[in-house]
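Content type mmCIF, C-alpha atoms, from the file protein.cif:
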data_my_file
loop_
_atom_site.group_PDB
_atom_site.id
_atom_site.type_symbol
_atom_site.label_atom_id
_atom_site.label_comp_id
_atom_site.auth_asym_id
_atom_site.auth_seq_id
_atom_site.Cartn_x
_atom_site.Cartn_y
_atom_site.Cartn_z
ATOM 1 C CA MET A 219 256.747 158.524 -88.671
ATOM 2 C CA ALA A 220 254.190 161.310 -88.623
ATOM 3 C CA TRP A 221 251.281 158.985 -89.377
ATOM 4 C CA PRO A 222 250.800 157.508 -85.867
ATOM 5 C CA TRP A 223 250.827 160.970 -84.320
ATOM 6 C CA SER A 224 248.322 162.198 -86.915
ATOM 7 C CA ARG A 225 246.074 159.240 -86.213
ATOM 8 C CA HIS A 226 246.186 159.916 -82.471
ATOM 9 C CA ALA A 227 245.511 163.602 -83.063
ATOM 10 C CA VAL A 228 242.444 162.812 -85.176
ATOM 11 C CA ALA A 229 241.168 160.365 -82.559
ATOM 12 C CA ALA A 230 241.743 162.870 -79.773
ATOM 13 C CA GLY A 231 240.008 165.574 -81.778
ATOM 14 C CA ALA A 232 237.000 163.352 -82.408
ATOM 15 C CA GLY A 233 236.798 162.453 -78.727
ATOM 16 C CA LEU A 234 237.152 166.108 -77.785
ATOM 17 C CA GLN A 235 234.333 167.145 -80.102
ATOM 18 C CA LYS A 236 232.084 164.338 -78.863
ATOM 19 C CA ARG A 237 232.570 165.212 -75.201
ATOM 20 C CA CYS A 238 232.080 168.928 -75.840
ATOM 21 C CA CYS A 239 228.788 168.157 -77.592
ATOM 22 C CA TRP A 240 227.684 165.886 -74.757
ATOM 23 C CA GLY A 241 228.719 168.454 -72.153
ATOM 24 C CA GLY A 242 226.988 171.325 -73.934
ATOM 25 C CA GLY A 243 223.868 169.247 -74.514
ATOM 26 C CA TRP A 244 223.743 168.219 -70.871
ATOM 27 C CA LEU A 245 224.110 171.841 -69.743
ATOM 28 C CA LEU A 246 221.301 172.893 -72.097
ATOM 29 C CA PHE A 247 219.083 170.067 -70.825
ATOM 30 C CA LEU A 248 219.656 171.164 -67.222
ATOM 31 C CA ALA A 249 219.035 174.855 -67.916
ATOM 32 C CA ALA A 250 216.015 174.491 -70.198
ATOM 33 C CA GLY A 251 214.511 171.236 -68.973
ATOM 34 C CA LEU A 252 215.343 169.748 -65.599
ATOM 35 C CA TYR A 253 215.966 172.877 -63.501
ATOM 36 C CA PRO A 254 212.662 174.585 -64.423
ATOM 37 C CA ILE A 255 210.789 171.392 -63.527
ATOM 38 C CA LEU A 256 212.516 171.090 -60.151
ATOM 39 C CA ASN A 257 212.101 174.825 -59.498
ATOM 40 C CA ASN A 258 208.335 174.900 -60.094
ATOM 41 C CA GLY A 259 208.700 176.403 -63.551
ATOM 42 C CA ASN A 260 210.764 179.372 -62.360
ATOM 43 C CA GLY A 261 213.834 178.527 -64.421
ATOM 44 C CA VAL A 262 217.383 178.288 -63.148
ATOM 45 C CA ALA A 263 217.456 179.389 -59.512
ATOM 46 C CA ALA A 264 220.836 181.129 -59.641
ATOM 47 C CA VAL A 265 220.383 182.893 -62.975
ATOM 48 C CA SER A 266 220.759 186.256 -61.209
ATOM 49 C CA ARG A 267 224.450 185.460 -60.764
ATOM 50 C CA TYR A 268 224.872 186.042 -64.496
ATOM 51 C CA ASN A 269 222.941 189.305 -64.830
ATOM 52 C CA HIS A 270 226.176 191.234 -65.247
ATOM 53 C CA LEU A 271 226.782 189.482 -68.560
ATOM 54 C CA CYS A 272 223.922 191.372 -70.227
ATOM 55 C CA GLU A 273 223.383 195.086 -70.302
ATOM 56 C CA GLY A 274 220.260 195.630 -68.256
ATOM 57 C CA GLY A 275 220.356 192.108 -66.835
ATOM 58 C CA CYS A 276 219.759 188.627 -68.202
ATOM 59 C CA GLU A 277 216.346 186.989 -68.044
ATOM 60 C CA GLY A 278 217.538 183.496 -68.857
ATOM 61 C CA VAL A 279 220.127 181.367 -70.591
ATOM 62 C CA GLY A 280 219.097 182.562 -74.063
ATOM 63 C CA PRO A 281 219.881 186.251 -73.432
ATOM 64 C CA MET A 282 223.255 185.244 -71.973
ATOM 65 C CA ILE A 283 224.184 183.360 -75.126
ATOM 66 C CA ARG A 284 222.997 186.215 -77.347
ATOM 67 C CA SER A 285 224.976 188.714 -75.299
ATOM 68 C CA ALA A 286 228.101 186.573 -75.561
ATOM 69 C CA LEU A 287 227.734 186.296 -79.336
ATOM 70 C CA LEU A 288 226.615 189.840 -80.131
ATOM 71 C CA ASP A 289 228.529 191.817 -77.505
ATOM 72 C CA PRO A 290 231.638 189.830 -76.515
ATOM 73 C CA VAL A 291 233.501 193.005 -75.530
ATOM 74 C CA HIS A 292 230.956 193.726 -72.799
ATOM 75 C CA LEU A 293 231.123 190.130 -71.583
ATOM 76 C CA LEU A 294 234.914 190.052 -71.429
ATOM 77 C CA GLY A 295 234.964 193.382 -69.640
ATOM 78 C CA THR A 296 232.701 192.153 -66.844
ATOM 79 C CA LEU A 297 234.935 189.251 -65.837
ATOM 80 C CA ASP A 298 237.385 189.320 -62.948
ATOM 81 C CA TRP A 299 240.350 187.936 -64.844
ATOM 82 C CA ALA A 300 242.797 187.934 -61.935
ATOM 83 C CA ASN A 301 240.546 185.742 -59.790
ATOM 84 C CA ILE A 302 239.633 183.555 -62.756
ATOM 85 C CA LEU A 303 243.276 182.825 -63.550
ATOM 86 C CA PHE A 304 244.000 182.132 -59.890
ATOM 87 C CA TYR A 305 241.011 179.762 -59.757
ATOM 88 C CA LEU A 306 242.260 177.859 -62.804
ATOM 89 C CA PHE A 307 245.737 177.722 -61.287
ATOM 90 C CA LEU A 308 244.469 176.231 -58.017
ATOM 91 C CA LEU A 309 242.198 173.814 -59.843
ATOM 92 C CA SER A 310 244.979 172.421 -62.000
ATOM 93 C CA LEU A 311 247.854 172.593 -59.511
ATOM 94 C CA PRO A 312 247.410 169.156 -57.858
ATOM 95 C CA LEU A 313 247.042 167.180 -61.103
ATOM 96 C CA VAL A 314 248.604 169.064 -63.993
ATOM 97 C CA PHE A 315 251.752 166.906 -63.887
ATOM 98 C CA TYR A 316 249.725 163.811 -64.777
ATOM 99 C CA TRP A 317 247.779 165.116 -67.768
ATOM 100 C CA ARG A 318 248.770 163.925 -71.219
ATOM 101 C CA ARG A 319 247.377 164.095 -74.729
ATOM 102 C CA SER A 320 245.011 161.239 -73.864
ATOM 103 C CA SER A 321 243.593 163.376 -71.044
ATOM 104 C CA LEU A 322 242.245 166.033 -73.416
ATOM 105 C CA PRO A 323 238.770 164.524 -73.995
ATOM 106 C CA LEU A 324 238.040 164.357 -70.270
ATOM 107 C CA LEU A 325 239.497 167.806 -69.708
ATOM 108 C CA ALA A 326 237.190 169.091 -72.438
ATOM 109 C CA ALA A 327 234.216 167.573 -70.628
ATOM 110 C CA THR A 328 234.822 170.023 -67.773
ATOM 111 C CA LEU A 329 234.368 173.065 -70.019
ATOM 112 C CA PRO A 330 230.580 173.591 -69.613
ATOM 113 C CA LEU A 331 230.650 173.616 -65.806
ATOM 114 C CA LEU A 332 233.985 175.410 -65.756
ATOM 115 C CA THR A 333 232.483 178.125 -67.943
ATOM 116 C CA ALA A 334 229.473 178.409 -65.634
ATOM 117 C CA ASN A 335 231.764 178.914 -62.637
ATOM 118 C CA ILE A 336 233.982 181.419 -64.417
ATOM 119 C CA LEU A 337 231.105 183.563 -65.679
ATOM 120 C CA SER A 338 229.284 183.676 -62.350
ATOM 121 C CA SER A 339 229.381 186.800 -60.209
ATOM 122 C CA SER A 340 229.525 184.600 -57.102
ATOM 123 C CA SER A 341 233.092 184.119 -55.902
ATOM 124 C CA ALA A 342 231.952 180.949 -54.110
ATOM 125 C CA GLN A 343 231.863 179.242 -57.503
ATOM 126 C CA ARG A 344 235.562 179.967 -57.951
ATOM 127 C CA ASP A 345 237.031 178.648 -54.740
ATOM 128 C CA LEU A 346 237.809 175.116 -53.661
ATOM 129 C CA THR A 347 235.815 175.303 -50.435
ATOM 130 C CA HIS A 348 232.319 175.092 -51.886
ATOM 131 C CA GLN A 349 230.743 172.297 -53.888
ATOM 132 C CA TYR A 350 230.677 173.972 -57.282
ATOM 133 C CA SER A 351 234.025 172.586 -58.437
ATOM 134 C CA LEU A 352 233.489 169.041 -57.166
ATOM 135 C CA PRO A 353 232.181 167.577 -60.471
ATOM 136 C CA ILE A 354 235.099 169.233 -62.252
ATOM 137 C CA ALA A 355 237.568 167.751 -59.776
ATOM 138 C CA ILE A 356 236.267 164.243 -60.445
ATOM 139 C CA LEU A 357 236.876 164.616 -64.173
ATOM 140 C CA LEU A 358 240.322 166.098 -63.561
ATOM 141 C CA VAL A 359 241.283 163.120 -61.396
ATOM 142 C CA VAL A 360 240.094 160.641 -64.021
ATOM 143 C CA ALA A 361 241.977 162.620 -66.681
ATOM 144 C CA SER A 362 245.148 162.269 -64.620
ATOM 145 C CA MET A 363 244.553 158.517 -64.401
ATOM 146 C CA ASP A 364 244.300 158.452 -68.193
ATOM 147 C CA GLY A 365 247.614 160.250 -68.332
ATOM 148 C CA LEU A 366 249.330 157.741 -66.058
ATOM 149 C CA VAL A 367 247.931 154.845 -68.093
ATOM 150 C CA ALA A 368 249.278 156.480 -71.251
ATOM 151 C CA ASP A 369 252.699 156.726 -69.601
ATOM 152 C CA LEU A 370 252.654 153.011 -68.816
ATOM 153 C CA ARG A 371 251.612 152.061 -72.328
ATOM 154 C CA GLN A 372 254.294 154.190 -73.944
ATOM 155 C CA GLY A 373 257.060 153.246 -71.537
ATOM 156 C CA ARG A 374 257.336 156.640 -69.845
ATOM 157 C CA LEU A 375 257.929 155.372 -66.334
ATOM 158 C CA TRP A 376 259.419 158.384 -64.576
ATOM 159 C CA LEU A 377 256.313 159.083 -62.489
ATOM 160 C CA THR A 378 255.127 155.508 -62.107
ATOM 161 C CA ARG A 379 258.515 154.525 -60.687
ATOM 162 C CA ARG A 380 258.419 157.445 -58.296
ATOM 163 C CA LEU A 381 255.084 156.976 -56.613
ATOM 164 C CA TRP A 382 256.491 158.607 -53.504
ATOM 165 C CA PHE A 383 256.465 161.873 -55.445
ATOM 166 C CA CYS A 384 252.800 161.363 -56.372
ATOM 167 C CA TYR A 385 251.894 160.680 -52.749
ATOM 168 C CA PHE A 386 253.942 163.632 -51.551
ATOM 169 C CA TRP A 387 252.415 166.017 -54.097
ATOM 170 C CA ALA A 388 248.878 164.821 -53.343
ATOM 171 C CA THR A 389 249.427 165.270 -49.605
ATOM 172 C CA LEU A 390 251.002 168.699 -50.066
ATOM 173 C CA SER A 391 248.185 169.840 -52.357
ATOM 174 C CA TRP A 392 245.581 168.631 -49.885
ATOM 175 C CA ALA A 393 247.317 170.401 -47.002
ATOM 176 C CA LEU A 394 247.509 173.658 -48.955
ATOM 177 C CA LEU A 395 244.109 173.662 -50.642
ATOM 178 C CA ALA A 396 241.675 171.576 -48.574
ATOM 179 C CA LYS A 397 241.876 173.780 -45.459
ATOM 180 C CA PRO A 398 242.484 170.879 -43.042
ATOM 181 C CA GLY A 399 242.487 173.359 -40.163
ATOM 182 C CA TYR A 400 238.717 173.569 -40.568
ATOM 183 C CA PHE A 401 238.466 170.043 -39.158
ATOM 184 C CA LEU A 402 239.823 171.359 -35.862
ATOM 185 C CA ASP A 403 238.065 174.718 -35.866
ATOM 186 C CA LEU A 404 235.187 175.634 -38.167
ATOM 187 C CA TYR A 405 233.723 172.151 -38.551
ATOM 188 C CA LEU A 406 233.621 171.697 -34.771
ATOM 189 C CA SER A 407 232.130 175.108 -33.992
ATOM 190 C CA ARG A 408 228.607 173.669 -33.829
ATOM 191 C CA ALA A 409 229.434 170.414 -32.059
ATOM 192 C CA ASP A 410 227.672 171.575 -28.888
ATOM 193 C CA GLN A 411 224.473 172.117 -30.887
ATOM 194 C CA ALA A 412 224.233 168.538 -32.112
ATOM 195 C CA TRP A 413 222.369 166.999 -29.186
ATOM 196 C CA PRO A 414 219.859 169.849 -28.574
ATOM 197 C CA ALA A 415 219.157 170.055 -32.309
ATOM 198 C CA HIS A 416 218.656 166.296 -32.515
ATOM 199 C CA ASN A 417 216.137 166.329 -29.667
ATOM 200 C CA LEU A 418 214.162 169.191 -31.190
ATOM 201 C CA ILE A 419 214.151 167.708 -34.693
ATOM 202 C CA ARG A 420 212.694 164.482 -33.292
ATOM 203 C CA ARG A 421 209.727 166.498 -32.036
ATOM 204 C CA ILE A 422 208.919 167.904 -35.478
ATOM 205 C CA PRO A 423 206.338 165.741 -37.299
ATOM 206 C CA SER A 424 207.447 164.132 -40.536
ATOM 207 C CA ASP A 425 204.658 165.891 -42.447
ATOM 208 C CA ALA A 426 205.420 169.361 -41.057
ATOM 209 C CA ALA A 427 206.223 172.416 -43.164
ATOM 210 C CA VAL A 428 209.290 173.893 -41.488
ATOM 211 C CA LEU A 429 211.137 177.213 -41.414
ATOM 212 C CA THR A 430 214.758 176.862 -40.310
ATOM 213 C CA ASN A 431 218.336 178.124 -40.568
ATOM 214 C CA SER A 432 220.774 177.028 -43.270
ATOM 215 C CA HIS A 433 222.824 174.572 -41.198
ATOM 216 C CA LEU A 434 219.684 172.786 -39.980
ATOM 217 C CA PHE A 435 218.085 172.619 -43.422
ATOM 218 C CA PRO A 436 219.675 169.284 -44.523
ATOM 219 C CA HIS A 437 218.506 167.558 -41.346
ATOM 220 C CA LEU A 438 214.888 168.494 -42.070
ATOM 221 C CA SER A 439 214.890 168.108 -45.838
ATOM 222 C CA HIS A 440 212.909 164.851 -45.933
ATOM 223 C CA ARG A 441 209.785 166.773 -44.918
ATOM 224 C CA PRO A 442 207.360 167.945 -47.633
ATOM 225 C CA MET A 443 208.263 171.631 -47.242
ATOM 226 C CA VAL A 444 211.375 173.187 -45.727
ATOM 227 C CA LYS A 445 212.041 176.905 -46.085
ATOM 228 C CA GLN A 446 215.354 178.508 -45.239
ATOM 229 C CA LEU A 447 215.353 181.776 -43.332
ATOM 230 C CA PHE A 448 217.076 184.591 -45.204
ATOM 231 C CA THR A 449 217.300 188.271 -44.335
ATOM 232 C CA LYS A 450 214.317 189.041 -46.560
ATOM 233 C CA PRO A 451 211.229 189.618 -44.373
ATOM 234 C CA LEU A 452 208.623 186.890 -44.621
ATOM 235 C CA ARG A 453 205.101 187.812 -45.667
ATOM 236 C CA LYS A 454 202.118 186.460 -43.787
ATOM 237 C CA GLU A 455 201.167 184.507 -46.905
ATOM 238 C CA GLU A 456 204.497 182.696 -46.763
ATOM 239 C CA LEU A 457 204.191 181.987 -43.050
ATOM 240 C CA SER A 458 200.671 180.670 -43.555
ATOM 241 C CA GLN A 459 202.166 177.787 -45.550
ATOM 242 C CA LEU A 460 204.288 176.742 -42.554
ATOM 243 C CA ASP A 461 203.392 175.177 -39.245
ATOM 244 C CA THR A 462 206.783 174.801 -37.512
ATOM 245 C CA ALA A 463 209.915 176.913 -37.138
ATOM 246 C CA LEU A 464 213.239 175.728 -35.732
ATOM 247 C CA LEU A 465 215.626 178.664 -35.425
ATOM 248 C CA ASN A 466 218.733 179.544 -33.464
ATOM 249 C CA ARG A 467 219.055 183.000 -31.954
ATOM 250 C CA HIS A 468 222.812 182.735 -31.443
ATOM 251 C CA ASP A 469 223.744 181.056 -34.723
ATOM 252 C CA PRO A 470 221.508 182.106 -37.636
ATOM 253 C CA GLY A 471 223.708 180.369 -40.200
ATOM 254 C CA TRP A 472 224.358 181.428 -43.759
ATOM 255 C CA GLY A 473 222.071 183.956 -45.423
ATOM 256 C CA SER A 474 220.571 185.403 -42.250
ATOM 257 C CA ASN A 475 221.644 187.294 -39.145
ATOM 258 C CA ILE A 476 220.878 187.444 -35.443
ATOM 259 C CA GLN A 477 218.663 190.522 -35.726
ATOM 260 C CA HIS A 478 216.471 189.082 -38.461
ATOM 261 C CA THR A 479 216.182 185.741 -36.680
ATOM 262 C CA ALA A 480 215.027 187.496 -33.502
ATOM 263 C CA ALA A 481 212.557 189.604 -35.499
ATOM 264 C CA THR A 482 211.148 186.484 -37.159
ATOM 265 C CA ILE A 483 210.643 184.796 -33.788
ATOM 266 C CA GLU A 484 208.820 187.898 -32.527
ATOM 267 C CA GLN A 485 206.700 187.887 -35.682
ATOM 268 C CA LEU A 486 205.705 184.266 -35.056
ATOM 269 C CA GLN A 487 204.867 184.984 -31.426
ATOM 270 C CA ALA A 488 202.724 187.926 -32.521
ATOM 271 C CA MET A 489 200.826 185.490 -34.746
ATOM 272 C CA GLN A 490 200.093 183.408 -31.628
ATOM 273 C CA TRP A 491 202.569 180.667 -32.455
ATOM 274 C CA VAL A 492 203.704 178.705 -29.403
ATOM 275 C CA CYS A 493 207.468 179.082 -28.989
ATOM 276 C CA GLU A 494 209.791 177.137 -26.718
ATOM 277 C CA GLU A 495 213.342 178.382 -26.217
ATOM 278 C CA ASP A 496 216.534 176.787 -24.922
ATOM 279 C CA ASP A 497 218.556 179.654 -23.455
ATOM 280 C CA HIS A 498 221.801 177.683 -23.428
ATOM 281 C CA SER A 499 221.866 176.512 -27.046
ATOM 282 C CA GLY A 500 219.816 179.379 -28.464
ATOM 283 C CA PHE A 501 217.351 177.077 -30.234
ATOM 284 C CA VAL A 502 213.759 178.213 -30.529
ATOM 285 C CA LEU A 503 211.033 175.791 -31.593
ATOM 286 C CA CYS A 504 207.829 177.529 -32.645
ATOM 287 C CA GLN A 505 204.668 175.740 -33.713
ATOM 288 C CA ARG A 506 201.399 177.016 -35.092
ATOM 289 C CA PRO A 507 198.444 176.494 -32.744
ATOM 290 C CA THR A 508 196.451 173.427 -33.716
ATOM 291 C CA SER A 509 193.094 175.045 -33.058
#

Turn the structure described in the file into structure tokens.
Amino acid sequence: MAWPWSRHAVAAGAGLQKRCCWGGGWLLFLAAGLYPILNNGNGVAAVSRYNHLCEGGCEGVGPMIRSALLDPVHLLGTLDWANILFYLFLLSLPLVFYWRRSSLPLLAATLPLLTANILSSSSAQRDLTHQYSLPIAILLVVASMDGLVADLRQGRLWLTRRLWFCYFWATLSWALLAKPGYFLDLYLSRADQAWPAHNLIRRIPSDAAVLTNSHLFPHLSHRPMVKQLFTKPLRKEELSQLDTALLNRHDPGWGSNIQHTAATIEQLQAMQWVCEEDDHSGFVLCQRPTS
């Protein structure tokens, strides 16, 4: 009687090992190969979020791994365990009832990205509002589907005969975790900016190098160069690479503030850029003189 269970355990273990290897290899490829290429050879853009893992700061993925292996006490002491456990609880809450032994390989595939989120100093990587947990969520959903299929194959029909419970739990989890109130509040807070922004974006040439705020960045990203305005002052060398700026005095977006946005506009005007402002919406379109 023990043989079938042993066979399944061996198969699950082999699948687990295979997916862990694939996941770890993919993470290594991203960190050492793809990200440096996409980031102009500067390595992983958010590596500073892991500086706390090394005494004196980490200069790359290699020092992080060495620190974890050689000084695990320091690494464990830097982690915010209360928030980590709460993050794992929220992540598993909607689907944990559906996971079975057959779900383990897919659950293991989440470990590389899950580890990256847990070790990061950025709390945004450990909430369900930002995008960092989206790839994990996809794997968790597929793992739950594997669990339901296993129930059907083995005749465990309690959940499959009570789909109302599945629908109820999914709806309740969404209502509690997905912040549906944002659809009536936060997500509509910039609705009045849509038309003015659209008209101004149409006036920006497709080959322009643009400076803009965070919430306008995606709408301009098909241009050859788009730079987001942060609170760090811009050097003249950086501004010399740009020829257009679309900023909003009233709504500077993420990573900037009203004071710095106003100072940047004044800096552009001092450089003889031609600026046009919409007092109602707060948008300012500045362009470098052509001559």

- Atom-to-atom span, atom CA of A:Leu303 and atom CA of A:Tyr268, Å: 18.7 Å

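In this model, the gap between atom CA of A:Thr333 and atom CA of A:Phe247 comes to 15.9 Å.
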
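In this comparison, which uses all atoms listed in the file, the residue of A:Phe386, A:Trp413, A:Phe435, A:Tyr350 approaching A:Pro312 most closely is A:Phe386.
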
- Message: Residues near A:Asp425, anyone? I mean within 10 Å using all atoms listed in the file, not counting same-chain ones fewer than 5 positions away, as a ChimeraX atom specification.
- Response: /A:440-443,461

For the selection you just gave me, I'd like the residues written to a file as a JSON list (two decimals), in the frame of the given file, keeping C-alpha atoms.
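See selection.json below for the written result:
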[["chain", "number", "residue", "atom", "x", "y", "z"],
["A", 440, "HIS", "CA", 212.91, 164.85, -45.93],
["A", 441, "ARG", "CA", 209.78, 166.77, -44.92],
["A", 442, "PRO", "CA", 207.36, 167.94, -47.63],
["A", 443, "MET", "CA", 208.26, 171.63, -47.24],
["A", 461, "ASP", "CA", 203.39, 175.18, -39.24]]

- Coordinates-based distance that separates atom CA of A:Asp345 from atom CA of A:Phe315 (Å, one decimal): 20.9 Å

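Here the question is which of A:Ile302, A:Leu375, A:Leu313, A:Met489 gets nearest to A:Ala342 using only C-alpha atoms, and that residue is A:Ile302.
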
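Taking all atoms listed in the file into account, A:Val367 lies nearest to A:Ser320 out of the set A:Ser320, A:Gln343, A:Ser407, A:Gln349.
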